[in-house]
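*Asks:* File entry_34.cif follows (mmCIF, C-alpha atoms):
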data_query
#
loop_
_atom_site.group_PDB
_atom_site.id
_atom_site.type_symbol
_atom_site.label_atom_id
_atom_site.label_comp_id
_atom_site.auth_asym_id
_atom_site.auth_seq_id
_atom_site.Cartn_x
_atom_site.Cartn_y
_atom_site.Cartn_z
ATOM 1 C CA THR A 1 0.000 0.000 0.000
ATOM 2 C CA SER A 2 1.319 3.411 -0.898
ATOM 3 C CA ILE A 3 1.085 6.724 0.863
ATOM 4 C CA ASP A 4 0.938 10.099 -0.847
ATOM 5 C CA TYR A 5 1.288 13.798 -0.061
ATOM 6 C CA VAL A 6 3.394 13.154 3.025
ATOM 7 C CA HIS A 7 5.206 16.177 4.431
ATOM 8 C CA ALA A 8 6.760 14.464 7.472
ATOM 9 C CA PHE A 9 7.206 10.944 8.741
ATOM 10 C CA HIS A 10 9.096 9.350 11.612
ATOM 11 C CA VAL A 11 10.884 6.020 11.938
ATOM 12 C CA VAL A 12 10.555 4.926 15.571
ATOM 13 C CA ASP A 13 9.493 1.937 17.644
ATOM 14 C CA ILE A 14 6.095 3.431 18.473
ATOM 15 C CA ASN A 15 4.528 0.168 19.647
ATOM 16 C CA ARG A 16 7.580 -0.770 21.753
ATOM 17 C CA ASP A 17 8.007 -4.233 20.328
ATOM 18 C CA GLY A 18 11.701 -3.728 19.566
ATOM 19 C CA LYS A 19 11.104 -3.243 15.818
ATOM 20 C CA LEU A 20 11.106 0.017 13.881
ATOM 21 C CA ASP A 21 7.799 1.403 12.657
ATOM 22 C CA ILE A 22 6.911 4.274 10.325
ATOM 23 C CA VAL A 23 4.548 6.976 11.584
ATOM 24 C CA PHE A 24 3.154 9.169 8.805
ATOM 25 C CA ALA A 25 0.454 11.676 7.940
ATOM 26 C CA GLU A 26 -0.938 12.468 4.520
ATOM 27 C CA MET A 27 -1.700 16.138 3.886
ATOM 28 C CA ALA A 28 -5.040 17.690 2.901
ATOM 29 C CA GLN A 29 -4.198 17.236 -0.803
ATOM 30 C CA SER A 30 -4.392 13.462 -0.402
ATOM 31 C CA THR A 31 -7.730 11.852 -1.155
ATOM 32 C CA ARG A 32 -7.268 9.542 1.866
ATOM 33 C CA LYS A 33 -5.854 12.043 4.420
ATOM 34 C CA ARG A 34 -4.607 9.240 6.646
ATOM 35 C CA VAL A 35 -2.576 9.486 9.812
ATOM 36 C CA GLY A 36 -1.132 6.079 10.356
ATOM 37 C CA ILE A 37 1.505 3.664 11.446
ATOM 38 C CA TYR A 38 3.227 0.985 9.425
ATOM 39 C CA ALA A 39 4.290 -1.515 12.078
ATOM 40 C CA GLY A 40 7.481 -3.269 11.055
ATOM 41 C CA ASP A 41 8.181 -6.957 11.441
ATOM 42 C CA GLY A 42 11.884 -6.367 12.127
ATOM 43 C CA THR A 43 13.125 -7.545 8.737
ATOM 44 C CA GLY A 44 12.352 -4.374 6.789
ATOM 45 C CA GLY A 45 10.332 -6.424 4.345
ATOM 46 C CA SER A 46 6.882 -6.585 5.874
ATOM 47 C CA TRP A 47 4.730 -3.796 7.296
ATOM 48 C CA THR A 48 1.229 -3.794 8.786
ATOM 49 C CA LEU A 49 -0.803 -0.614 8.314
ATOM 50 C CA GLN A 50 -2.858 0.832 11.163
ATOM 51 C CA VAL A 51 -4.835 3.949 10.236
ATOM 52 C CA ILE A 52 -5.484 6.039 13.330
ATOM 53 C CA ALA A 53 -7.261 8.997 11.686
ATOM 54 C CA THR A 54 -8.559 10.150 8.304
ATOM 55 C CA THR A 55 -8.230 13.873 8.985
ATOM 56 C CA GLY A 56 -4.684 14.134 7.642
ATOM 57 C CA SER A 57 -1.970 16.415 8.918
ATOM 58 C CA HIS A 58 0.514 18.719 7.237
ATOM 59 C CA ASN A 59 3.136 18.140 9.853
ATOM 60 C CA ILE A 60 3.383 15.668 12.722
ATOM 61 C CA ARG A 61 5.615 15.516 15.750
ATOM 62 C CA LEU A 62 6.108 12.723 18.271
ATOM 63 C CA GLY A 63 6.519 13.074 22.013
ATOM 64 C CA ASP A 64 5.447 11.587 25.314
ATOM 65 C CA LEU A 65 2.506 13.937 25.753
ATOM 66 C CA GLY A 66 0.754 11.591 28.191
ATOM 67 C CA ARG A 67 3.903 11.270 30.322
ATOM 68 C CA ASP A 68 3.346 7.514 30.414
ATOM 69 C CA GLY A 69 6.499 6.274 28.701
ATOM 70 C CA ASP A 70 5.253 5.937 25.114
ATOM 71 C CA LEU A 71 5.206 8.241 22.093
ATOM 72 C CA ASP A 72 2.063 10.141 21.143
ATOM 73 C CA ILE A 73 1.404 11.992 17.877
ATOM 74 C CA LEU A 74 0.684 15.715 17.536
ATOM 75 C CA GLY A 75 -0.357 17.195 14.196
ATOM 76 C CA VAL A 76 -1.952 20.138 12.438
ATOM 77 C CA ASN A 77 -3.008 20.814 8.862
ATOM 78 C CA TRP A 78 -1.465 23.773 7.044
ATOM 79 C CA GLN A 79 -4.805 25.540 6.684
ATOM 80 C CA GLY A 80 -4.982 25.906 10.452
ATOM 81 C CA PRO A 81 -6.617 24.529 13.568
ATOM 82 C CA PRO A 82 -7.497 22.287 15.095
ATOM 83 C CA VAL A 83 -4.282 20.901 16.456
ATOM 84 C CA GLU A 84 -4.900 17.195 16.890
ATOM 85 C CA ILE A 85 -3.350 14.832 19.399
ATOM 86 C CA TRP A 86 -3.442 11.077 19.055
ATOM 87 C CA ILE A 87 -2.628 9.490 22.408
ATOM 88 C CA ASN A 88 -0.806 6.173 22.260
ATOM 89 C CA ARG A 89 -2.814 3.800 24.455
ATOM 90 C CA LEU A 90 0.058 1.339 24.691
ATOM 91 C CA ASP A 91 0.555 1.909 28.385
ATOM 92 C CA PRO A 92 3.452 0.225 30.135
ATOM 93 C CA VAL A 93 2.763 -3.167 31.662
ATOM 94 C CA VAL A 94 2.536 -2.891 35.427
ATOM 95 C CA CYS A 95 3.504 -6.026 37.305
ATOM 96 C CA HIS A 96 1.913 -5.749 40.738
ATOM 97 C CA GLY A 97 3.356 -9.145 41.629
ATOM 98 C CA ASP A 98 6.925 -7.877 41.063
ATOM 99 C CA TRP A 99 7.328 -6.952 44.729
ATOM 100 C CA ASP A 100 11.126 -6.652 44.591
ATOM 101 C CA GLN A 101 10.937 -4.487 41.421
ATOM 102 C CA SER A 102 13.436 -6.665 39.586
ATOM 103 C CA GLY A 103 11.526 -6.479 36.306
ATOM 104 C CA SER A 104 10.368 -10.063 36.504
ATOM 105 C CA VAL A 105 7.895 -12.024 38.575
ATOM 106 C CA ASP A 106 9.475 -14.920 40.431
ATOM 107 C CA THR A 107 9.435 -16.809 43.710
ATOM 108 C CA SER A 108 11.565 -14.193 45.492
ATOM 109 C CA ASP A 109 8.625 -11.781 45.200
ATOM 110 C CA VAL A 110 6.498 -14.079 47.362
ATOM 111 C CA ALA A 111 9.168 -14.256 50.075
ATOM 112 C CA ILE A 112 9.633 -10.477 50.054
ATOM 113 C CA TYR A 113 5.877 -9.837 50.197
ATOM 114 C CA VAL A 114 5.332 -12.329 53.029
ATOM 115 C CA VAL A 115 8.059 -10.595 55.080
ATOM 116 C CA ALA A 116 6.474 -7.183 54.320
ATOM 117 C CA TRP A 117 3.055 -8.607 55.218
ATOM 118 C CA LEU A 118 4.291 -9.939 58.574
ATOM 119 C CA ASP A 119 6.145 -6.672 59.276
ATOM 120 C CA SER A 120 2.992 -4.683 58.456
ATOM 121 C CA ILE A 121 0.948 -6.729 60.905
ATOM 122 C CA SER A 122 3.467 -6.375 63.717
ATOM 123 C CA ALA A 123 4.167 -2.670 63.054
ATOM 124 C CA GLY A 124 0.573 -1.717 62.352
ATOM 125 C CA SER A 125 1.473 -0.236 58.955
ATOM 126 C CA ASP A 126 -0.453 -0.609 55.719
ATOM 127 C CA GLU A 127 2.514 -1.320 53.410
ATOM 128 C CA ALA A 128 1.164 -4.752 52.461
ATOM 129 C CA ASP A 129 -2.512 -3.646 52.279
ATOM 130 C CA MET A 130 -3.557 -5.112 48.917
ATOM 131 C CA ASP A 131 -7.287 -4.408 49.115
ATOM 132 C CA GLY A 132 -6.987 -0.779 50.217
ATOM 133 C CA ASP A 133 -9.121 -1.151 53.339
ATOM 134 C CA GLY A 134 -6.464 0.346 55.638
ATOM 135 C CA ASP A 135 -5.468 -2.820 57.459
ATOM 136 C CA VAL A 136 -3.367 -5.875 56.735
ATOM 137 C CA THR A 137 -5.157 -9.204 57.087
ATOM 138 C CA PRO A 138 -4.884 -12.728 55.687
ATOM 139 C CA SER A 139 -7.123 -11.635 52.801
ATOM 140 C CA ASP A 140 -4.323 -9.297 51.633
ATOM 141 C CA LEU A 141 -1.957 -12.263 51.456
ATOM 142 C CA ALA A 142 -4.487 -14.192 49.372
ATOM 143 C CA ILE A 143 -4.968 -11.198 47.056
ATOM 144 C CA PHE A 144 -1.206 -10.867 46.584
ATOM 145 C CA ILE A 145 -0.803 -14.574 45.786
ATOM 146 C CA GLY A 146 -3.578 -14.287 43.173
ATOM 147 C CA ILE A 147 -1.984 -11.217 41.570
ATOM 148 C CA TRP A 148 1.471 -12.820 41.674
ATOM 149 C CA HIS A 149 0.147 -16.006 40.077
ATOM 150 C CA ASP A 150 -1.626 -14.059 37.294
ATOM 151 C CA ASP A 151 1.499 -11.970 36.626
ATOM 152 C CA LEU A 152 3.690 -15.100 36.606
ATOM 153 C CA ALA A 153 1.427 -16.801 34.074
ATOM 154 C CA GLY A 154 0.830 -13.661 32.008
ATOM 155 C CA GLN A 155 2.709 -10.891 30.344
ATOM 156 C CA CYS A 156 4.903 -9.748 33.210
ATOM 157 C CA GLY A 157 7.576 -12.371 32.688
ATOM 158 C CA SER A 158 9.185 -14.853 35.001
ATOM 159 C CA SER A 159 12.571 -16.190 35.817
#
Will you turn the file into structure tokens for me?

*Replies:*
Amino acid sequence: TSIDYVHAFHVVDINRDGKLDIVFAEMAQSTRKRVGIYAGDGTGGSWTLQVIATTGSHNIRLGDLGRDGDLDILGVNWQGPPVEIWINRLDPVVCHGDWDQSGSVDTSDVAIYVVAWLDSISAGSDEADMDGDGDVTPSDLAIFIGIWHDDLAGQCGSS
């Protein structure tokens, strides 16, 4: 698929999969006026198009406008407002079971949480309060184990 009337484009890893993508916007002169992303497969030979708008843009810029760790797109057509912002909804994965903040979910997280849980009970703190009710009880331990198990089996990784 071709693109036409493109004033600016950017080659970045916008979807954070480790492979370069092409972010582009067709200007008002284009019949399609697409703002889109060609997601790369990492070989340079295959691209998947995702159209995110059909309003076009004369010039686009990328930046972390949402302050959430990913790139968003800002654009405006040459004939004037409105300035448009396309927020990247690819929010970072949060691993609530990664209690030691090592970047992976593993058995050491359980040991660290259990110690924090016991310390919270004896000190009267709410550090290990998983359900947000202001106190630390056995139900918080059960909630943590459930979260840890889901993270271990899911997208948060394991070691």

*Asks:* For the structure provided, state which residues fall under the PyMOL selection byres ((chain A and resi 19) around 7), and present them as a ChimeraX atom specification.

*Replies:* /A:13,17-18,20-21,40-42

*Asks:* Record the distance separating CA of Leu49 in chain A and CA of Ile37 in chain A, expressed in Å with one decimal.

*Replies:* 5.8 Å

*Asks:* What lies within 9 Å of Met27 in chain A using all atoms listed in the file, ignoring chain neighbours under 5 positions off, as a PyMOL selection string?

*Replies:* chain A and resi 4-7+32-35+55-59+77-78

*Asks:* A:Gln101, A:Gln79, A:Gln50, A:Gln29: which is nearest Ile14 in chain A, counting all atoms listed in the file?

*Replies:*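 Answer, going by the shortest atom-to-atom distance: A:Gln50.
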
*Asks:* One decimal, Å: what's the distance from CA of Pro138 in chain A over to CA of Thr107 in chain A, could you say?

*Replies:* 19.1 Å
